[in-house]
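Worksheet for the structure shown next.
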Amino acid sequence: MVTTQQPPSTTEATDSGQRLKVLISAYTCEPGKGSEPGVGWNVVQQVSRFHETWVITRADRREKIDPELAKNPLPNVHFIYYELPWILRFYRKGTRLQSLHYYLWQYGAALAARRAHRQHKFDLAQHVTYVRYWNPSLISLLPIPFIWGPVGGGESAPRSFYKTLSQRGRFFEFLRDLARDVAHFDPAVHLTARRAHIGLATTRESEAKMRSLGCKNIEIVSETSLPVDERQKLNALPARSTTPFRLVSLGRLLDWKGFHLGLMAFAQFLKTHPDAEYWVIGKGPQQAYLESLVKELGISHRVKIWGALPRAQTLEKLSECDVLVHPSLHDSGGWVCLEAMASGRPVICLDLGGPGVQVTDETGFRVRAGTPEQAIADMAQVMERLANDPDLRQRMGAAGKQRVETAFDWNAKGEQLNALYQRIMASRKARA
């Protein structure tokens with residue numbers, strides 16, 4: 001089932017190159033959200049600054065999108081709402097059925113895209129969400145240049161770290177690896193990779209996986225950025241100069257997020273800085289384990305697990321902390337690292353995935369993920385270095401704000417996408 005929503009369009013010429021008709025596939029696209037829905041919505045906003053934009057997304061997104069458009073119109077955007085026939089609508093967020101729904105949705109959305117292309121004659125198409133390289137994007141079948149991504153998911157938890165995971169966590173990693181392995185036998189995934197005029201990989205690991213599928217032209221581009229208003233809120237958080245020295249971890253409490261590694265490092269660090277504190281903000285299936293680990297390590301008196309908090313309270317807690325600890329074992333995005341950097345907080349992460357690309361030597365510490373014992377010891381040393389050097393924290397905080405502003409701003413990303421589009425069209429014209 002397809003329904004199309006078309007706000008009034010404009011034909012004002014752009015001074016940023018050729019004005020194009022662009023088709024975007026965004027399975028999830030929602031205003032005011034982070035993560036994948038936010039990627040979809042923000043990319044659409046940015047592309048529409050320069051080009052006439054059509055967006056294929058799920059029909060159930062309409063209840064969120066239409067009220068936003070009524071308040072803040074996007075005159076160059078046309079939404080095509082597509083949903084599978086009712087007999088195939090076994091979608092429920094957070095379940096394996098969601099992945100199956102997404103896979104089947106791609107086939108129906110491709111048919112809707114073909115019909116729309118016959119009518120509007122698009123110049124190029126781009127897949128935006130989901131940000132997973134092992135899923136196909138069948139708008140690639142259109143006879144126009146296709147941009148695949150940004151896509152990620154090529155990151156894996158190092159095998160040496162499996163022994164630190166719960167049974168549930170190890171089973172999750174097994175299923176995730178299995179899904180990716182199966183995808184390498186999927187002709188639709190290979191077709192997507194081969195037909196991509198250019199692939200945008202979120203990390204070095206994802207680039208290697210995409211290349212193995214047959215994608216020849218790949219650039220590494222982060223999926224994550226921060227809107228101006230969000231960055232301003234974070235920039236406004238005051239620098240901290242009071243005691244005690246306090247670390248914080250933010251996010252879903254999942255094994256692969258590595259919060260247990262942060263707590264183990266904190267236990268070592270606490271031996272030399274007994275007044276320090278560690279806060280954990282978030283909820284998830286690992287909460288009970290983390291609470292028991294804190295007791296086992298004997299650090300209950302210096303650790304506070306807050307659970308999930310509203311956004312305003314989360315920012316308030318962040319303002320009361322000095323350093324973000326984000327030892328994720330595989331993370332294509334790492335939004336929280338950008339948020340911490342935008343707030344002027346140094347970041348401690350493992351040198352893996354998205355955080356390993358976002359964080360630099362000037363904005364934090366990327367710890368080598370050789371073995372759990374080595375990583376924990378190195379994180380403890382880094383905690384000590386930051387605790388002992390307030391000037392270093394201040395310099396890294398200032399560098400973090402600057403890096404987010406220059407490299408992870410949505411307006412800048414929009415300009416980069418436009419430049420990519422113009423480059424593709426110029427090369428296509430040169431070959432004609």
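Labels for the structure tokens follow display order: chains A, B, ..., residues from 1 in each chain, ligands from 1.
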May I have all residues of range 62-276 of chain A that DSSP, computed from the backbone, assigns to strand (DSSP E), given as a PDB file with N, CA, C and O atoms, in the first residue's frame?
ATOM      1  N   VAL A  77      10.144  18.664  -0.125  1.00  0.00           N
ATOM      2  CA  VAL A  77      10.120  17.240   0.226  1.00  0.00           C
ATOM      3  C   VAL A  77       8.752  16.638  -0.079  1.00  0.00           C
ATOM      4  O   VAL A  77       7.713  17.225   0.230  1.00  0.00           O
ATOM      5  N   HIS A  78       8.776  15.447  -0.654  1.00  0.00           N
ATOM      6  CA  HIS A  78       7.561  14.703  -0.967  1.00  0.00           C
ATOM      7  C   HIS A  78       7.699  13.316  -0.335  1.00  0.00           C
ATOM      8  O   HIS A  78       8.639  12.587  -0.667  1.00  0.00           O
ATOM      9  N   PHE A  79       6.819  12.970   0.554  1.00  0.00           N
ATOM     10  CA  PHE A  79       6.888  11.673   1.232  1.00  0.00           C
ATOM     11  C   PHE A  79       6.021  10.644   0.517  1.00  0.00           C
ATOM     12  O   PHE A  79       4.873  10.904   0.166  1.00  0.00           O
ATOM     13  N   ILE A  80       6.595   9.486   0.317  1.00  0.00           N
ATOM     14  CA  ILE A  80       5.880   8.330  -0.215  1.00  0.00           C
ATOM     15  C   ILE A  80       5.794   7.327   0.915  1.00  0.00           C
ATOM     16  O   ILE A  80       6.814   6.740   1.321  1.00  0.00           O
ATOM     17  N   TYR A  81       4.615   7.145   1.470  1.00  0.00           N
ATOM     18  CA  TYR A  81       4.426   6.229   2.597  1.00  0.00           C
ATOM     19  C   TYR A  81       4.043   4.859   2.058  1.00  0.00           C
ATOM     20  O   TYR A  81       2.999   4.694   1.430  1.00  0.00           O
ATOM     21  N   TYR A  82       4.909   3.901   2.342  1.00  0.00           N
ATOM     22  CA  TYR A  82       4.651   2.535   1.855  1.00  0.00           C
ATOM     23  C   TYR A  82       4.560   1.571   3.022  1.00  0.00           C
ATOM     24  O   TYR A  82       5.334   1.644   3.974  1.00  0.00           O
ATOM     25  N   LEU A 124      19.116  10.691  -9.058  1.00  0.00           N
ATOM     26  CA  LEU A 124      19.898   9.705  -8.306  1.00  0.00           C
ATOM     27  C   LEU A 124      19.100   9.254  -7.088  1.00  0.00           C
ATOM     28  O   LEU A 124      18.110   9.884  -6.709  1.00  0.00           O
ATOM     29  N   ALA A 125      19.543   8.160  -6.473  1.00  0.00           N
ATOM     30  CA  ALA A 125      18.857   7.578  -5.314  1.00  0.00           C
ATOM     31  C   ALA A 125      19.880   7.295  -4.227  1.00  0.00           C
ATOM     32  O   ALA A 125      21.051   6.997  -4.514  1.00  0.00           O
ATOM     33  N   GLN A 126      19.428   7.380  -2.978  1.00  0.00           N
ATOM     34  CA  GLN A 126      20.318   7.119  -1.840  1.00  0.00           C
ATOM     35  C   GLN A 126      19.587   6.309  -0.789  1.00  0.00           C
ATOM     36  O   GLN A 126      18.445   6.614  -0.422  1.00  0.00           O
ATOM     37  N   HIS A 127      20.254   5.277  -0.278  1.00  0.00           N
ATOM     38  CA  HIS A 127      19.758   4.496   0.857  1.00  0.00           C
ATOM     39  C   HIS A 127      20.314   5.108   2.135  1.00  0.00           C
ATOM     40  O   HIS A 127      21.515   5.315   2.267  1.00  0.00           O
ATOM     41  N   VAL A 128      19.425   5.377   3.097  1.00  0.00           N
ATOM     42  CA  VAL A 128      19.847   6.025   4.333  1.00  0.00           C
ATOM     43  C   VAL A 128      19.698   5.112   5.543  1.00  0.00           C
ATOM     44  O   VAL A 128      20.636   4.945   6.323  1.00  0.00           O
ATOM     45  N   THR A 129      18.532   4.544   5.745  1.00  0.00           N
ATOM     46  CA  THR A 129      18.331   3.641   6.887  1.00  0.00           C
ATOM     47  C   THR A 129      17.628   2.378   6.389  1.00  0.00           C
ATOM     48  O   THR A 129      16.826   2.450   5.463  1.00  0.00           O
ATOM     49  N   PHE A 146      23.260   5.204  -7.739  1.00  0.00           N
ATOM     50  CA  PHE A 146      22.771   4.798  -6.425  1.00  0.00           C
ATOM     51  C   PHE A 146      23.864   4.992  -5.389  1.00  0.00           C
ATOM     52  O   PHE A 146      24.997   4.533  -5.573  1.00  0.00           O
ATOM     53  N   ILE A 147      23.529   5.694  -4.305  1.00  0.00           N
ATOM     54  CA  ILE A 147      24.454   5.898  -3.183  1.00  0.00           C
ATOM     55  C   ILE A 147      24.007   4.987  -2.056  1.00  0.00           C
ATOM     56  O   ILE A 147      22.873   5.084  -1.568  1.00  0.00           O
ATOM     57  N   TRP A 148      24.894   4.128  -1.626  1.00  0.00           N
ATOM     58  CA  TRP A 148      24.582   3.139  -0.586  1.00  0.00           C
ATOM     59  C   TRP A 148      25.143   3.631   0.740  1.00  0.00           C
ATOM     60  O   TRP A 148      26.334   3.530   0.998  1.00  0.00           O
ATOM     61  N   GLY A 149      24.254   4.200   1.568  1.00  0.00           N
ATOM     62  CA  GLY A 149      24.697   4.542   2.891  1.00  0.00           C
ATOM     63  C   GLY A 149      24.537   6.006   3.253  1.00  0.00           C
ATOM     64  O   GLY A 149      23.913   6.773   2.511  1.00  0.00           O
ATOM     65  N   PRO A 150      25.110   6.349   4.419  1.00  0.00           N
ATOM     66  CA  PRO A 150      26.079   5.568   5.192  1.00  0.00           C
ATOM     67  C   PRO A 150      25.490   4.268   5.765  1.00  0.00           C
ATOM     68  O   PRO A 150      24.358   4.263   6.242  1.00  0.00           O
ATOM     69  N   VAL A 151      26.284   3.216   5.670  1.00  0.00           N
ATOM     70  CA  VAL A 151      25.937   1.944   6.282  1.00  0.00           C
ATOM     71  C   VAL A 151      27.110   1.451   7.123  1.00  0.00           C
ATOM     72  O   VAL A 151      28.264   1.762   6.849  1.00  0.00           O
ATOM     73  N   ILE A 198      28.588   4.609  -5.367  1.00  0.00           N
ATOM     74  CA  ILE A 198      29.525   4.836  -4.270  1.00  0.00           C
ATOM     75  C   ILE A 198      28.906   4.290  -2.988  1.00  0.00           C
ATOM     76  O   ILE A 198      27.692   4.394  -2.784  1.00  0.00           O
ATOM     77  N   GLY A 199      29.721   3.675  -2.166  1.00  0.00           N
ATOM     78  CA  GLY A 199      29.280   3.206  -0.860  1.00  0.00           C
ATOM     79  C   GLY A 199      29.853   4.114   0.218  1.00  0.00           C
ATOM     80  O   GLY A 199      31.028   4.489   0.161  1.00  0.00           O
ATOM     81  N   LEU A 200      29.016   4.474   1.170  1.00  0.00           N
ATOM     82  CA  LEU A 200      29.461   5.301   2.299  1.00  0.00           C
ATOM     83  C   LEU A 200      29.508   4.412   3.535  1.00  0.00           C
ATOM     84  O   LEU A 200      28.465   3.969   4.020  1.00  0.00           O
ATOM     85  N   ALA A 201      30.694   4.126   4.017  1.00  0.00           N
ATOM     86  CA  ALA A 201      30.891   3.250   5.171  1.00  0.00           C
ATOM     87  C   ALA A 201      31.114   4.087   6.421  1.00  0.00           C
ATOM     88  O   ALA A 201      31.829   5.090   6.386  1.00  0.00           O
ATOM     89  N   ILE A 218      34.298   3.263  -2.288  1.00  0.00           N
ATOM     90  CA  ILE A 218      33.826   3.425  -0.911  1.00  0.00           C
ATOM     91  C   ILE A 218      34.552   4.596  -0.258  1.00  0.00           C
ATOM     92  O   ILE A 218      35.762   4.766  -0.411  1.00  0.00           O
ATOM     93  N   GLU A 219      33.793   5.385   0.486  1.00  0.00           N
ATOM     94  CA  GLU A 219      34.351   6.435   1.328  1.00  0.00           C
ATOM     95  C   GLU A 219      33.861   6.229   2.750  1.00  0.00           C
ATOM     96  O   GLU A 219      32.748   5.736   2.960  1.00  0.00           O
ATOM     97  N   ILE A 220      34.678   6.590   3.730  1.00  0.00           N
ATOM     98  CA  ILE A 220      34.274   6.479   5.135  1.00  0.00           C
ATOM     99  C   ILE A 220      33.633   7.794   5.559  1.00  0.00           C
ATOM    100  O   ILE A 220      34.259   8.854   5.501  1.00  0.00           O
ATOM    101  N   ARG A 246      34.461  12.876  38.574  1.00  0.00           N
ATOM    102  CA  ARG A 246      33.329  11.978  38.303  1.00  0.00           C
ATOM    103  C   ARG A 246      33.309  11.554  36.839  1.00  0.00           C
ATOM    104  O   ARG A 246      33.383  12.386  35.934  1.00  0.00           O
ATOM    105  N   LEU A 247      33.196  10.251  36.633  1.00  0.00           N
ATOM    106  CA  LEU A 247      33.070   9.655  35.298  1.00  0.00           C
ATOM    107  C   LEU A 247      31.612   9.278  35.067  1.00  0.00           C
ATOM    108  O   LEU A 247      30.863   9.042  36.018  1.00  0.00           O
ATOM    109  N   VAL A 248      31.221   9.185  33.798  1.00  0.00           N
ATOM    110  CA  VAL A 248      29.846   8.818  33.487  1.00  0.00           C
ATOM    111  C   VAL A 248      29.810   7.960  32.229  1.00  0.00           C
ATOM    112  O   VAL A 248      30.623   8.137  31.316  1.00  0.00           O
ATOM    113  N   SER A 249      28.879   7.007  32.204  1.00  0.00           N
ATOM    114  CA  SER A 249      28.573   6.233  31.003  1.00  0.00           C
ATOM    115  C   SER A 249      27.084   6.391  30.718  1.00  0.00           C
ATOM    116  O   SER A 249      26.261   6.315  31.639  1.00  0.00           O
ATOM    117  N   LEU A 250      26.750   6.603  29.447  1.00  0.00           N
ATOM    118  CA  LEU A 250      25.370   6.836  29.031  1.00  0.00           C
ATOM    119  C   LEU A 250      24.993   5.865  27.928  1.00  0.00           C
ATOM    120  O   LEU A 250      25.778   5.641  27.002  1.00  0.00           O
TER     121      LEU A 250
END
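For the choices A:Val55, A:Ala375, A:Leu293, A:Val382, the atom-to-atom distance to Leu324 in chain A is smallest for A:Val382 when using only C-alpha atoms.
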Per residue of range 199-297 of chain A within 7 Å of range 394-418 of chain A, note the shortest atom pair and the distance in Å to one decimal, counting only C-alpha atoms, and order the rows by chain and increasing residue number, as a tab-separated table.
residue	atom	partner	partner_atom	distance
A:Thr224	CA	A:Phe408	CA	6.8
A:Ser225	CA	A:Phe408	CA	4.4
A:Leu226	CA	A:Asp409	CA	5.4
A:Pro227	CA	A:Trp410	CA	5.6
The selected residues should be written to file as a PDB file, in the first residue's frame (atoms: N, CA and C atoms).
ATOM      1  N   THR A 224      26.615   9.875  11.993  1.00  0.00           N
ATOM      2  CA  THR A 224      26.157  10.698  13.100  1.00  0.00           C
ATOM      3  C   THR A 224      26.567  12.152  12.947  1.00  0.00           C
ATOM      4  N   SER A 225      25.673  13.015  13.348  1.00  0.00           N
ATOM      5  CA  SER A 225      25.923  14.448  13.459  1.00  0.00           C
ATOM      6  C   SER A 225      24.928  14.995  14.460  1.00  0.00           C
ATOM      7  N   LEU A 226      25.115  16.228  14.855  1.00  0.00           N
ATOM      8  CA  LEU A 226      24.215  16.848  15.816  1.00  0.00           C
ATOM      9  C   LEU A 226      23.556  18.072  15.190  1.00  0.00           C
ATOM     10  N   PRO A 227      22.232  18.204  15.339  1.00  0.00           N
ATOM     11  CA  PRO A 227      21.565  19.421  14.877  1.00  0.00           C
ATOM     12  C   PRO A 227      22.090  20.634  15.644  1.00  0.00           C
TER      13      PRO A 227
END
What are the closest atom pairs, with distances in Å to one decimal, for each residue of range 339-397 of chain A lying within 10 Å of range 261-277 of chain A, using only C-alpha atoms, rows by chain and rising residue number, as a Markdown table?
| residue | atom | partner | partner_atom | distance |
| --- | --- | --- | --- | --- |
| A:Ile348 | CA | A:Gly262 | CA | 9.2 |
| A:Cys349 | CA | A:Gly262 | CA | 9.3 |
| A:Pro372 | CA | A:Leu261 | CA | 7.6 |
| A:Glu373 | CA | A:Ala265 | CA | 9.3 |
| A:Ala375 | CA | A:Leu261 | CA | 8.1 |
| A:Ile376 | CA | A:Ala265 | CA | 4.8 |
| A:Ala377 | CA | A:Ala265 | CA | 6.2 |
| A:Asp378 | CA | A:Ala265 | CA | 8.0 |
| A:Met379 | CA | A:Ala265 | CA | 5.8 |
| A:Ala380 | CA | A:Ala265 | CA | 4.7 |
| A:Gln381 | CA | A:Phe269 | CA | 7.1 |
| A:Val382 | CA | A:Phe269 | CA | 9.0 |
| A:Met383 | CA | A:Phe269 | CA | 6.7 |
| A:Glu384 | CA | A:Phe269 | CA | 6.4 |
| A:Ala387 | CA | A:His273 | CA | 8.3 |
| A:Asn388 | CA | A:His273 | CA | 9.5 |
What does the distance between CA of Gly334 in chain A and CA of Thr314 in chain A come to in Å, to one decimal place?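 Distance between the two atoms: 16.5 Å.
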Rank A:Val22, A:Ile424, A:Val357, A:Ala179 by their smallest atom-to-atom distance to His197 in chain A, using only C-alpha atoms, and report the top residue only.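 Using only C-alpha atoms, the shortest distance to His197 in chain A belongs to A:Ile424.
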Figure out the distance between CA of Tyr27 in chain A and CA of Asp60 in chain A, please, to one decimal in Å.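 For CA of Asp60 in chain A relative to CA of Tyr27 in chain A, the distance reads 10.4 Å.
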Tell me, as a PyMOL selection string, which residues lie within 9 Å of Asp322 in chain A, counting only C-alpha atoms; anything in the same chain fewer than 2 positions away does not count. chain A and resi 239-241+245-248+318-320+324+344-346+386-387+393
Restrict the selected residues to N, CA and C atoms and save them as a PDB file, in the first residue's frame.
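The file below, selection24.pdb, is the result:
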ATOM      1  N   ALA A 239      31.498  24.138  32.207  1.00  0.00           N
ATOM      2  CA  ALA A 239      32.677  23.330  32.553  1.00  0.00           C
ATOM      3  C   ALA A 239      32.644  23.059  34.049  1.00  0.00           C
ATOM      4  N   ARG A 240      33.150  21.899  34.433  1.00  0.00           N
ATOM      5  CA  ARG A 240      33.071  21.502  35.836  1.00  0.00           C
ATOM      6  C   ARG A 240      34.414  21.732  36.518  1.00  0.00           C
ATOM      7  N   SER A 241      34.371  22.344  37.698  1.00  0.00           N
ATOM      8  CA  SER A 241      35.614  22.622  38.429  1.00  0.00           C
ATOM      9  C   SER A 241      35.548  22.167  39.879  1.00  0.00           C
ATOM     10  N   PHE A 245      36.068  14.103  41.384  1.00  0.00           N
ATOM     11  CA  PHE A 245      36.243  13.734  39.981  1.00  0.00           C
ATOM     12  C   PHE A 245      35.210  12.660  39.658  1.00  0.00           C
ATOM     13  N   ARG A 246      34.461  12.876  38.574  1.00  0.00           N
ATOM     14  CA  ARG A 246      33.329  11.978  38.303  1.00  0.00           C
ATOM     15  C   ARG A 246      33.309  11.554  36.839  1.00  0.00           C
ATOM     16  N   LEU A 247      33.196  10.251  36.633  1.00  0.00           N
ATOM     17  CA  LEU A 247      33.070   9.655  35.298  1.00  0.00           C
ATOM     18  C   LEU A 247      31.612   9.278  35.067  1.00  0.00           C
ATOM     19  N   VAL A 248      31.221   9.185  33.798  1.00  0.00           N
ATOM     20  CA  VAL A 248      29.846   8.818  33.487  1.00  0.00           C
ATOM     21  C   VAL A 248      29.810   7.960  32.229  1.00  0.00           C
ATOM     22  N   LEU A 318      24.978  14.977  33.084  1.00  0.00           N
ATOM     23  CA  LEU A 318      26.206  15.094  32.304  1.00  0.00           C
ATOM     24  C   LEU A 318      26.998  16.327  32.727  1.00  0.00           C
ATOM     25  N   SER A 319      26.297  17.408  33.036  1.00  0.00           N
ATOM     26  CA  SER A 319      26.974  18.639  33.444  1.00  0.00           C
ATOM     27  C   SER A 319      27.678  18.475  34.788  1.00  0.00           C
ATOM     28  N   GLU A 320      27.302  17.455  35.543  1.00  0.00           N
ATOM     29  CA  GLU A 320      27.912  17.214  36.848  1.00  0.00           C
ATOM     30  C   GLU A 320      29.048  16.201  36.776  1.00  0.00           C
ATOM     31  N   LEU A 324      33.410  11.249  29.900  1.00  0.00           N
ATOM     32  CA  LEU A 324      32.554  10.148  29.434  1.00  0.00           C
ATOM     33  C   LEU A 324      33.398   8.902  29.227  1.00  0.00           C
ATOM     34  N   GLY A 344      31.923  19.516  25.962  1.00  0.00           N
ATOM     35  CA  GLY A 344      33.244  19.840  26.495  1.00  0.00           C
ATOM     36  C   GLY A 344      33.808  18.798  27.429  1.00  0.00           C
ATOM     37  N   ARG A 345      33.325  17.543  27.310  1.00  0.00           N
ATOM     38  CA  ARG A 345      33.837  16.455  28.153  1.00  0.00           C
ATOM     39  C   ARG A 345      34.751  15.547  27.334  1.00  0.00           C
ATOM     40  N   PRO A 346      35.959  15.252  27.828  1.00  0.00           N
ATOM     41  CA  PRO A 346      36.806  14.271  27.155  1.00  0.00           C
ATOM     42  C   PRO A 346      36.131  12.898  27.139  1.00  0.00           C
ATOM     43  N   LEU A 386      43.590  11.787  33.573  1.00  0.00           N
ATOM     44  CA  LEU A 386      42.603  12.857  33.468  1.00  0.00           C
ATOM     45  C   LEU A 386      42.241  13.429  34.839  1.00  0.00           C
ATOM     46  N   ALA A 387      42.183  12.558  35.844  1.00  0.00           N
ATOM     47  CA  ALA A 387      41.866  13.034  37.194  1.00  0.00           C
ATOM     48  C   ALA A 387      42.955  13.959  37.724  1.00  0.00           C
ATOM     49  N   ARG A 393      41.953  18.103  30.791  1.00  0.00           N
ATOM     50  CA  ARG A 393      40.503  17.943  30.585  1.00  0.00           C
ATOM     51  C   ARG A 393      39.928  19.163  29.878  1.00  0.00           C
TER      52      ARG A 393
END
Near-His184 in chain A list (9 Å; only C-alpha atoms; drop same-chain fewer than 5 positions) as a VMD selection string: chain A and resid 134 179 189 to 190 212 to 213
Write out as a ChimeraX atom specification the set of residues from range 206-411 of chain A that DSSP, computed on the backbone, places in helix (DSSP H, G or I). /A:206-212,228-235,255-257,259-269,287-297,300-302,311-319,335-342,353-358,372-388,390-407,410-411
In Å, how far is it from CA of Arg385 in chain A to CA of Leu338 in chain A? 21.6 Å
Of the candidates A:Leu309, A:Leu138, A:Ala369, A:Ile281, which shows the shortest atom-to-atom distance to Leu352 in chain A, using only C-alpha atoms?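 Under the stated criterion, the closest residue is A:Ala369.
Closest approach to Arg49 in chain A from the set A:Ser35, A:Ser206, A:Thr192, A:Asn76 is made by A:Asn76, with distances taken over only C-alpha atoms.
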Between A:Val325, A:Pro310, A:Pro390, A:Gln287, which has the minimum distance to Val359 in chain A (counting only C-alpha atoms)?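 The answer is A:Val325, which sits nearest to Val359 in chain A.
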Please determine, counting only C-alpha atoms, which residue among A:Cys29, A:Ala312, A:Trp256, A:Leu392 has the shortest atom-to-atom distance to Lys163 in chain A. A:Trp256
